[in-house]
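Everything below concerns the one structure shown next.
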Amino acid sequence: MTTRGVLYVHSAPRALCPHVEWAVAGVLGLRVQLDWIRQPASPGTWRAEFSWKGEVGTASKLASALRGWHLLRFEVTSEPCATAEGERYSATPDLGIFHAVTGMHGDILIPEDRLRAAMVRSAQGETELSAEIEKLLGKPWDDELEPFRHAGEGAPVRWLHQVV
């Protein structure tokens, strides 16, 4: 079964750009050359985005291939399909990586056990329930990435297709 998604590289130092392309190419199994443009939200960094099509699980493979570089900000999404829910990965240097399962309308689906754990931590006074829910929804990552998303409006998108 195949799905499709988008990789958003929100900011990468220039020296890291070819390494990002090599990592993505390794996952997709084809040569990748991204259209890099300057990232105005972080002078000295570059951004790129493209849409991909591949097997279910490609989003997690892309996120895993990119998560080791501390100076990289990125997001990977995949759409739901007949055999799998969608996914969203967000990564920032300060927060690390966030993963969420998404439904057919893009809503984040939070598993029961994660909600129960958040309620227990709140009941024990470790944290506020609202803060726990914000983390489960990825709000800290959204807050940090929003200036980079806005700066990328109108950026070109390239479609890449993985041979299945």
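Residue numbering restarts at 1 for every chain of the structure tokens, chains are lettered A, B, ... in their displayed order, and ligands are numbered from 1 as they appear.
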
(request) Check range 1-152 of chain A with DSSP on the backbone and list each residue it calls strand (DSSP E), as a count of residues only. (result) 47

For range 64-132 of chain A against range 13-20 of chain A, with a cut-off of 8 Å and counting only C-alpha atoms, what is the closest atom pair and its distance in Å to one decimal for every residue that makes the cut, ordered by chain and number, as CSV?
```
residue,atom,partner,partner_atom,distance
A:Leu66,CA,A:Val20,CA,6.9
A:Leu71,CA,A:Pro13,CA,7.2
A:Leu72,CA,A:Pro13,CA,7.6
```

Can you spit out the residues from that selection as a compact mmCIF listing (two decimals), in the first residue's frame, using all heavy atoms?
```
# COMPACT_ATOMS: atom_id res chain seq x y z
N LEU A 66 16.74 11.86 9.30
CA LEU A 66 17.09 13.27 9.50
C LEU A 66 17.27 13.67 10.97
O LEU A 66 17.84 14.72 11.25
CB LEU A 66 16.02 14.17 8.88
CG LEU A 66 15.83 14.03 7.37
CD1 LEU A 66 14.66 14.90 6.92
CD2 LEU A 66 17.10 14.39 6.62
N LEU A 71 21.23 20.72 14.18
CA LEU A 71 20.93 22.07 13.68
C LEU A 71 19.78 22.10 12.67
O LEU A 71 19.50 23.15 12.10
CB LEU A 71 22.19 22.67 13.04
CG LEU A 71 23.37 22.84 13.99
CD1 LEU A 71 24.60 23.32 13.24
CD2 LEU A 71 23.01 23.81 15.11
N LEU A 72 19.11 21.00 12.49
CA LEU A 72 18.06 20.87 11.48
C LEU A 72 16.68 21.04 12.10
O LEU A 72 16.39 20.48 13.16
CB LEU A 72 18.18 19.49 10.85
CG LEU A 72 17.39 19.19 9.59
CD1 LEU A 72 17.81 20.10 8.45
CD2 LEU A 72 17.59 17.73 9.20
```

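Picture a line from CA of Lys53 in chain A to CA of Ala25 in chain A; it runs 12.8 Å.
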
(message) Just list as a VMD selection string whatever in chain A DSSP marks as alpha helix (DSSP H).
(response) chain A and resid 17 to 28 58 to 66 112 to 123 129 to 137 139 to 151

Neighbours of range 77-90 of chain A within 12 Å (only C-alpha atoms; same-chain residues fewer than 3 positions away dropped), as an mmCIF file with N, CA, C and O atoms, in the first residue's frame?
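New file selection.cif:
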```
data_model
loop_
_atom_site.group_PDB
_atom_site.id
_atom_site.type_symbol
_atom_site.label_atom_id
_atom_site.label_comp_id
_atom_site.auth_asym_id
_atom_site.auth_seq_id
_atom_site.Cartn_x
_atom_site.Cartn_y
_atom_site.Cartn_z
ATOM 1 N N MET A 1 0.845 -1.174 0.000
ATOM 2 C CA MET A 1 0.000 0.000 0.000
ATOM 3 C C MET A 1 0.890 1.237 0.000
ATOM 4 O O MET A 1 1.900 1.273 0.680
ATOM 5 N N THR A 2 0.497 2.224 -0.755
ATOM 6 C CA THR A 2 1.286 3.448 -0.819
ATOM 7 C C THR A 2 0.517 4.598 -0.178
ATOM 8 O O THR A 2 -0.696 4.571 -0.032
ATOM 9 N N THR A 3 1.287 5.596 0.178
ATOM 10 C CA THR A 3 0.750 6.835 0.721
ATOM 11 C C THR A 3 1.576 7.970 0.136
ATOM 12 O O THR A 3 2.522 7.735 -0.619
ATOM 13 N N ARG A 4 1.236 9.158 0.487
ATOM 14 C CA ARG A 4 2.027 10.311 0.053
ATOM 15 C C ARG A 4 2.139 11.279 1.194
ATOM 16 O O ARG A 4 1.359 11.228 2.162
ATOM 17 N N GLY A 5 3.096 12.152 1.096
ATOM 18 C CA GLY A 5 3.318 13.111 2.158
ATOM 19 C C GLY A 5 4.216 14.233 1.700
ATOM 20 O O GLY A 5 4.544 14.343 0.515
ATOM 21 N N VAL A 6 4.609 15.052 2.672
ATOM 22 C CA VAL A 6 5.465 16.205 2.379
ATOM 23 C C VAL A 6 6.584 16.259 3.412
ATOM 24 O O VAL A 6 6.354 16.004 4.597
ATOM 25 N N LEU A 7 7.773 16.562 2.939
ATOM 26 C CA LEU A 7 8.906 16.847 3.816
ATOM 27 C C LEU A 7 9.148 18.344 3.748
ATOM 28 O O LEU A 7 9.295 18.910 2.662
ATOM 29 N N TYR A 8 9.138 18.978 4.913
ATOM 30 C CA TYR A 8 9.454 20.398 5.030
ATOM 31 C C TYR A 8 10.762 20.502 5.791
ATOM 32 O O TYR A 8 10.820 20.149 6.967
ATOM 33 N N VAL A 9 11.804 20.945 5.129
ATOM 34 C CA VAL A 9 13.044 21.273 5.839
ATOM 35 C C VAL A 9 12.942 22.767 6.100
ATOM 36 O O VAL A 9 13.072 23.575 5.189
ATOM 37 N N HIS A 10 12.665 23.124 7.347
ATOM 38 C CA HIS A 10 12.429 24.526 7.681
ATOM 39 C C HIS A 10 13.714 25.325 7.786
ATOM 40 O O HIS A 10 13.737 26.499 7.435
ATOM 41 N N GLU A 49 11.274 22.101 0.466
ATOM 42 C CA GLU A 49 10.149 21.213 0.719
ATOM 43 C C GLU A 49 9.822 20.462 -0.555
ATOM 44 O O GLU A 49 10.090 20.931 -1.655
ATOM 45 N N PHE A 50 9.312 19.266 -0.378
ATOM 46 C CA PHE A 50 8.847 18.496 -1.525
ATOM 47 C C PHE A 50 7.843 17.448 -1.086
ATOM 48 O O PHE A 50 7.792 17.052 0.072
ATOM 49 N N SER A 51 7.037 17.046 -2.025
ATOM 50 C CA SER A 51 6.053 15.999 -1.793
ATOM 51 C C SER A 51 6.620 14.683 -2.275
ATOM 52 O O SER A 51 7.348 14.632 -3.255
ATOM 53 N N TRP A 52 6.271 13.616 -1.573
ATOM 54 C CA TRP A 52 6.771 12.289 -1.915
ATOM 55 C C TRP A 52 5.608 11.303 -1.939
ATOM 56 O O TRP A 52 4.541 11.552 -1.381
ATOM 57 N N LYS A 53 5.848 10.183 -2.592
ATOM 58 C CA LYS A 53 4.901 9.083 -2.622
ATOM 59 C C LYS A 53 5.698 7.822 -2.368
ATOM 60 O O LYS A 53 6.752 7.622 -2.986
ATOM 61 N N GLY A 54 5.225 6.985 -1.457
ATOM 62 C CA GLY A 54 5.969 5.770 -1.145
ATOM 63 C C GLY A 54 5.156 4.822 -0.287
ATOM 64 O O GLY A 54 3.968 5.047 -0.044
ATOM 65 N N GLU A 55 5.800 3.801 0.186
ATOM 66 C CA GLU A 55 5.153 2.808 1.024
ATOM 67 C C GLU A 55 4.763 3.418 2.367
ATOM 68 O O GLU A 55 5.384 4.379 2.825
ATOM 69 N N VAL A 56 3.736 2.835 2.990
ATOM 70 C CA VAL A 56 3.386 3.221 4.349
ATOM 71 C C VAL A 56 4.637 3.026 5.204
ATOM 72 O O VAL A 56 5.336 2.031 5.081
ATOM 73 N N GLY A 57 4.947 3.982 6.048
ATOM 74 C CA GLY A 57 6.151 3.929 6.875
ATOM 75 C C GLY A 57 7.274 4.799 6.350
ATOM 76 O O GLY A 57 8.287 4.987 7.031
ATOM 77 N N THR A 58 7.114 5.347 5.153
ATOM 78 C CA THR A 58 8.161 6.199 4.582
ATOM 79 C C THR A 58 8.380 7.446 5.435
ATOM 80 O O THR A 58 9.520 7.883 5.620
ATOM 81 N N ALA A 59 7.329 8.012 5.979
ATOM 82 C CA ALA A 59 7.475 9.221 6.816
ATOM 83 C C ALA A 59 8.377 8.931 8.012
ATOM 84 O O ALA A 59 9.264 9.736 8.335
ATOM 85 N N SER A 60 8.171 7.795 8.668
ATOM 86 C CA SER A 60 9.007 7.475 9.829
ATOM 87 C C SER A 60 10.453 7.227 9.412
ATOM 88 O O SER A 60 11.381 7.597 10.133
ATOM 89 N N LYS A 61 10.654 6.639 8.246
ATOM 90 C CA LYS A 61 12.021 6.420 7.760
ATOM 91 C C LYS A 61 12.711 7.749 7.451
ATOM 92 O O LYS A 61 13.898 7.920 7.743
ATOM 93 N N LEU A 62 11.971 8.683 6.857
ATOM 94 C CA LEU A 62 12.542 10.004 6.584
ATOM 95 C C LEU A 62 12.895 10.722 7.880
ATOM 96 O O LEU A 62 13.987 11.289 8.014
ATOM 97 N N ALA A 63 11.976 10.705 8.845
ATOM 98 C CA ALA A 63 12.234 11.367 10.126
ATOM 99 C C ALA A 63 13.442 10.738 10.821
ATOM 100 O O ALA A 63 14.289 11.453 11.367
ATOM 101 N N SER A 64 13.545 9.428 10.779
ATOM 102 C CA SER A 64 14.685 8.745 11.404
ATOM 103 C C SER A 64 15.996 9.098 10.720
ATOM 104 O O SER A 64 17.020 9.282 11.376
ATOM 105 N N LEU A 66 16.744 11.862 9.305
ATOM 106 C CA LEU A 66 17.095 13.274 9.505
ATOM 107 C C LEU A 66 17.267 13.675 10.966
ATOM 108 O O LEU A 66 17.840 14.721 11.254
ATOM 109 N N ARG A 67 16.800 12.888 11.890
ATOM 110 C CA ARG A 67 16.747 13.325 13.287
ATOM 111 C C ARG A 67 18.099 13.460 13.965
ATOM 112 O O ARG A 67 18.201 14.109 14.985
ATOM 113 N N LEU A 72 19.111 20.995 12.490
ATOM 114 C CA LEU A 72 18.064 20.873 11.478
ATOM 115 C C LEU A 72 16.677 21.036 12.102
ATOM 116 O O LEU A 72 16.387 20.482 13.159
ATOM 117 N N ARG A 73 15.819 21.818 11.435
ATOM 118 C CA ARG A 73 14.407 21.922 11.799
ATOM 119 C C ARG A 73 13.623 21.353 10.619
ATOM 120 O O ARG A 73 13.808 21.808 9.497
ATOM 121 N N PHE A 74 12.746 20.383 10.902
ATOM 122 C CA PHE A 74 11.995 19.790 9.803
ATOM 123 C C PHE A 74 10.664 19.231 10.288
ATOM 124 O O PHE A 74 10.441 19.042 11.478
ATOM 125 N N PRO A 93 15.972 21.688 17.081
ATOM 126 C CA PRO A 93 17.194 21.439 17.853
ATOM 127 C C PRO A 93 16.956 21.407 19.361
ATOM 128 O O PRO A 93 17.542 20.592 20.058
ATOM 129 N N ASP A 94 16.087 22.258 19.867
ATOM 130 C CA ASP A 94 15.875 22.335 21.313
ATOM 131 C C ASP A 94 14.914 21.282 21.849
ATOM 132 O O ASP A 94 15.075 20.807 22.973
ATOM 133 N N LEU A 95 13.905 20.918 21.076
ATOM 134 C CA LEU A 95 12.858 20.026 21.570
ATOM 135 C C LEU A 95 13.032 18.573 21.150
ATOM 136 O O LEU A 95 12.388 17.695 21.709
ATOM 137 N N GLY A 96 13.847 18.331 20.148
ATOM 138 C CA GLY A 96 13.966 16.971 19.632
ATOM 139 C C GLY A 96 12.818 16.673 18.679
ATOM 140 O O GLY A 96 12.326 17.558 17.991
ATOM 141 N N ILE A 97 12.371 15.411 18.667
ATOM 142 C CA ILE A 97 11.381 14.999 17.686
ATOM 143 C C ILE A 97 10.029 14.730 18.348
ATOM 144 O O ILE A 97 9.954 14.229 19.461
ATOM 145 N N PHE A 98 8.978 15.107 17.638
ATOM 146 C CA PHE A 98 7.605 14.878 18.058
ATOM 147 C C PHE A 98 6.940 14.006 17.004
ATOM 148 O O PHE A 98 7.135 14.212 15.803
ATOM 149 N N HIS A 99 6.156 13.040 17.439
ATOM 150 C CA HIS A 99 5.419 12.180 16.516
ATOM 151 C C HIS A 99 3.953 12.164 16.909
ATOM 152 O O HIS A 99 3.623 12.080 18.094
ATOM 153 N N ALA A 100 3.085 12.238 15.922
ATOM 154 C CA ALA A 100 1.652 12.128 16.157
ATOM 155 C C ALA A 100 1.021 11.316 15.039
ATOM 156 O O ALA A 100 1.452 11.378 13.890
ATOM 157 N N VAL A 101 0.017 10.569 15.407
ATOM 158 C CA VAL A 101 -0.820 9.871 14.430
ATOM 159 C C VAL A 101 -1.937 10.841 14.064
ATOM 160 O O VAL A 101 -2.501 11.511 14.935
ATOM 161 N N THR A 102 -2.262 10.918 12.772
ATOM 162 C CA THR A 102 -3.297 11.841 12.326
ATOM 163 C C THR A 102 -4.417 11.085 11.617
ATOM 164 O O THR A 102 -4.178 10.083 10.946
ATOM 165 N N GLY A 103 -5.613 11.582 11.775
ATOM 166 C CA GLY A 103 -6.777 10.991 11.131
ATOM 167 C C GLY A 103 -6.982 11.551 9.735
ATOM 168 O O GLY A 103 -6.200 12.366 9.238
ATOM 169 N N MET A 104 -8.058 11.140 9.127
ATOM 170 C CA MET A 104 -8.301 11.510 7.729
ATOM 171 C C MET A 104 -8.538 13.002 7.518
ATOM 172 O O MET A 104 -8.396 13.498 6.406
ATOM 173 N N HIS A 105 -8.849 13.731 8.574
ATOM 174 C CA HIS A 105 -9.050 15.177 8.452
ATOM 175 C C HIS A 105 -7.871 15.979 9.005
ATOM 176 O O HIS A 105 -7.953 17.190 9.148
ATOM 177 N N GLY A 106 -6.789 15.279 9.345
ATOM 178 C CA GLY A 106 -5.599 15.948 9.843
ATOM 179 C C GLY A 106 -5.556 16.120 11.349
ATOM 180 O O GLY A 106 -4.594 16.665 11.878
ATOM 181 N N ASP A 107 -6.592 15.673 12.044
ATOM 182 C CA ASP A 107 -6.610 15.789 13.506
ATOM 183 C C ASP A 107 -5.603 14.833 14.127
ATOM 184 O O ASP A 107 -5.413 13.706 13.654
ATOM 185 N N ILE A 108 -4.974 15.267 15.215
ATOM 186 C CA ILE A 108 -4.058 14.399 15.949
ATOM 187 C C ILE A 108 -4.876 13.427 16.787
ATOM 188 O O ILE A 108 -5.801 13.827 17.494
ATOM 189 N N LEU A 109 -4.542 12.145 16.683
ATOM 190 C CA LEU A 109 -5.222 11.094 17.438
ATOM 191 C C LEU A 109 -4.313 10.688 18.588
ATOM 192 O O LEU A 109 -3.199 10.216 18.374
ATOM 193 N N ILE A 110 -4.783 10.875 19.815
ATOM 194 C CA ILE A 110 -3.960 10.592 20.996
ATOM 195 C C ILE A 110 -4.418 9.270 21.610
ATOM 196 O O ILE A 110 -5.579 9.135 21.978
ATOM 197 N N LEU A 137 -0.343 17.245 21.913
ATOM 198 C CA LEU A 137 -0.767 17.812 20.629
ATOM 199 C C LEU A 137 0.392 18.425 19.836
ATOM 200 O O LEU A 137 0.195 18.879 18.706
ATOM 201 N N GLY A 138 1.582 18.476 20.425
ATOM 202 C CA GLY A 138 2.739 19.025 19.728
ATOM 203 C C GLY A 138 2.825 20.535 19.746
ATOM 204 O O GLY A 138 3.559 21.135 18.957
ATOM 205 N N LYS A 139 2.121 21.176 20.654
ATOM 206 C CA LYS A 139 2.111 22.646 20.688
ATOM 207 C C LYS A 139 3.498 23.267 20.860
ATOM 208 O O LYS A 139 3.814 24.242 20.168
ATOM 209 N N PRO A 140 4.364 22.743 21.734
ATOM 210 C CA PRO A 140 5.698 23.353 21.827
ATOM 211 C C PRO A 140 6.442 23.340 20.483
ATOM 212 O O PRO A 140 7.127 24.304 20.139
ATOM 213 N N TRP A 141 6.290 22.281 19.706
ATOM 214 C CA TRP A 141 6.945 22.194 18.401
ATOM 215 C C TRP A 141 6.289 23.170 17.426
ATOM 216 O O TRP A 141 6.980 23.856 16.671
ATOM 217 N N ASP A 142 4.951 23.233 17.455
ATOM 218 C CA ASP A 142 4.254 24.189 16.591
ATOM 219 C C ASP A 142 4.676 25.616 16.901
ATOM 220 O O ASP A 142 4.907 26.417 15.991
ATOM 221 N N ASP A 143 4.779 25.952 18.192
ATOM 222 C CA ASP A 143 5.177 27.305 18.583
ATOM 223 C C ASP A 143 6.566 27.651 18.050
ATOM 224 O O ASP A 143 6.797 28.758 17.575
ATOM 225 N N GLU A 144 7.491 26.701 18.146
ATOM 226 C CA GLU A 144 8.854 26.975 17.684
ATOM 227 C C GLU A 144 8.947 27.005 16.160
ATOM 228 O O GLU A 144 9.714 27.784 15.601
ATOM 229 N N LEU A 145 8.168 26.174 15.478
ATOM 230 C CA LEU A 145 8.276 26.083 14.020
ATOM 231 C C LEU A 145 7.435 27.106 13.269
ATOM 232 O O LEU A 145 7.693 27.366 12.094
ATOM 233 N N GLU A 146 6.459 27.703 13.903
ATOM 234 C CA GLU A 146 5.542 28.607 13.203
ATOM 235 C C GLU A 146 6.252 29.751 12.465
ATOM 236 O O GLU A 146 5.915 30.029 11.320
ATOM 237 N N ARG A 149 7.596 28.225 9.301
ATOM 238 C CA ARG A 149 6.531 27.873 8.355
ATOM 239 C C ARG A 149 6.075 29.113 7.602
ATOM 240 O O ARG A 149 5.924 29.089 6.387
#
```

(request) Record the distance separating CA of Ile133 in chain A and CA of Ala117 in chain A, expressed in Å with one decimal. (result)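 So the two atoms, CA of Ile133 in chain A and CA of Ala117 in chain A, lie 10.6 Å apart.
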
(message) With only C-alpha atoms as the counted atoms, please give the residues lying no more than 8 Å from Val32 in chain A, apart from itself and same-chain residues fewer than 2 positions off, as a PyMOL selection string.
(response) chain A and resi 21-22+24-25+30+34

Keeping all heavy atoms for every residue in the selection just given, could you write it to a file as a PDB file, in the first residue's frame?
```
ATOM      1  N   GLU A  21      19.899  15.857   1.419  1.00  0.00           N
ATOM      2  CA  GLU A  21      19.529  15.251   0.136  1.00  0.00           C
ATOM      3  C   GLU A  21      19.952  13.788   0.071  1.00  0.00           C
ATOM      4  O   GLU A  21      19.192  12.932  -0.391  1.00  0.00           O
ATOM      5  CB  GLU A  21      20.141  16.038  -1.018  1.00  0.00           C
ATOM      6  CG  GLU A  21      19.527  17.410  -1.187  1.00  0.00           C
ATOM      7  CD  GLU A  21      20.178  18.232  -2.287  1.00  0.00           C
ATOM      8  OE1 GLU A  21      21.201  17.793  -2.872  1.00  0.00           O
ATOM      9  OE2 GLU A  21      19.662  19.332  -2.565  1.00  0.00           O
ATOM     10  N   TRP A  22      21.174  13.484   0.532  1.00  0.00           N
ATOM     11  CA  TRP A  22      21.654  12.099   0.519  1.00  0.00           C
ATOM     12  C   TRP A  22      20.816  11.219   1.431  1.00  0.00           C
ATOM     13  O   TRP A  22      20.498  10.079   1.091  1.00  0.00           O
ATOM     14  CB  TRP A  22      23.120  12.027   0.923  1.00  0.00           C
ATOM     15  CG  TRP A  22      24.047  12.739  -0.013  1.00  0.00           C
ATOM     16  CD1 TRP A  22      23.896  12.919  -1.354  1.00  0.00           C
ATOM     17  CD2 TRP A  22      25.272  13.389   0.340  1.00  0.00           C
ATOM     18  NE1 TRP A  22      24.942  13.642  -1.869  1.00  0.00           N
ATOM     19  CE2 TRP A  22      25.799  13.949  -0.844  1.00  0.00           C
ATOM     20  CE3 TRP A  22      25.961  13.564   1.530  1.00  0.00           C
ATOM     21  CZ2 TRP A  22      26.997  14.646  -0.874  1.00  0.00           C
ATOM     22  CZ3 TRP A  22      27.149  14.262   1.504  1.00  0.00           C
ATOM     23  CH2 TRP A  22      27.661  14.795   0.320  1.00  0.00           C
ATOM     24  N   VAL A  24      17.647  11.661   2.334  1.00  0.00           N
ATOM     25  CA  VAL A  24      16.333  11.476   1.728  1.00  0.00           C
ATOM     26  C   VAL A  24      16.425  10.511   0.547  1.00  0.00           C
ATOM     27  O   VAL A  24      15.577   9.630   0.380  1.00  0.00           O
ATOM     28  CB  VAL A  24      15.736  12.834   1.305  1.00  0.00           C
ATOM     29  CG1 VAL A  24      14.451  12.658   0.509  1.00  0.00           C
ATOM     30  CG2 VAL A  24      15.489  13.712   2.533  1.00  0.00           C
ATOM     31  N   ALA A  25      17.459  10.653  -0.246  1.00  0.00           N
ATOM     32  CA  ALA A  25      17.661   9.746  -1.380  1.00  0.00           C
ATOM     33  C   ALA A  25      17.816   8.306  -0.905  1.00  0.00           C
ATOM     34  O   ALA A  25      17.295   7.376  -1.533  1.00  0.00           O
ATOM     35  CB  ALA A  25      18.891  10.176  -2.183  1.00  0.00           C
ATOM     36  N   LEU A  30      16.081   6.915  -4.718  1.00  0.00           N
ATOM     37  CA  LEU A  30      16.301   7.637  -5.970  1.00  0.00           C
ATOM     38  C   LEU A  30      17.129   8.881  -5.704  1.00  0.00           C
ATOM     39  O   LEU A  30      17.267   9.319  -4.566  1.00  0.00           O
ATOM     40  CB  LEU A  30      14.966   8.013  -6.632  1.00  0.00           C
ATOM     41  CG  LEU A  30      13.931   8.767  -5.804  1.00  0.00           C
ATOM     42  CD1 LEU A  30      14.093  10.262  -5.934  1.00  0.00           C
ATOM     43  CD2 LEU A  30      12.552   8.350  -6.268  1.00  0.00           C
ATOM     44  N   LEU A  34      17.108  18.891  -3.987  1.00  0.00           N
ATOM     45  CA  LEU A  34      16.076  19.798  -3.507  1.00  0.00           C
ATOM     46  C   LEU A  34      16.333  21.220  -3.999  1.00  0.00           C
ATOM     47  O   LEU A  34      17.473  21.597  -4.264  1.00  0.00           O
ATOM     48  CB  LEU A  34      16.035  19.781  -1.977  1.00  0.00           C
ATOM     49  CG  LEU A  34      15.774  18.421  -1.342  1.00  0.00           C
ATOM     50  CD1 LEU A  34      15.816  18.529   0.177  1.00  0.00           C
ATOM     51  CD2 LEU A  34      14.455  17.859  -1.796  1.00  0.00           C
TER      52      LEU A  34
END
```

(request) Could you tell me which of A:Arg121, A:Ala65, A:Glu75, A:Ala23 comes closest to Ala48 in chain A if we count only C-alpha atoms? (result)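 Residue with the minimum atom-to-atom distance to Ala48 in chain A: A:Glu75.
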
(request) Report the distance between CA of Ser130 in chain A and CA of Ala91 in chain A in Å, rounded to one decimal place. (result) 21.7 Å

(request) Fewer than 6 positions away in the same chain doesn't count, so skip those; otherwise give me all residues within 7 Å of range 41-45 of chain A, counting only C-alpha atoms, as a ChimeraX atom specification. (result) /A:11-14,147-148,151

(request) Tell me which of A:Gln124, A:Pro40, A:Leu28, A:Thr92 sits closest to Gly68 in chain A, counting only C-alpha atoms. (result)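 Closest candidate: A:Thr92.
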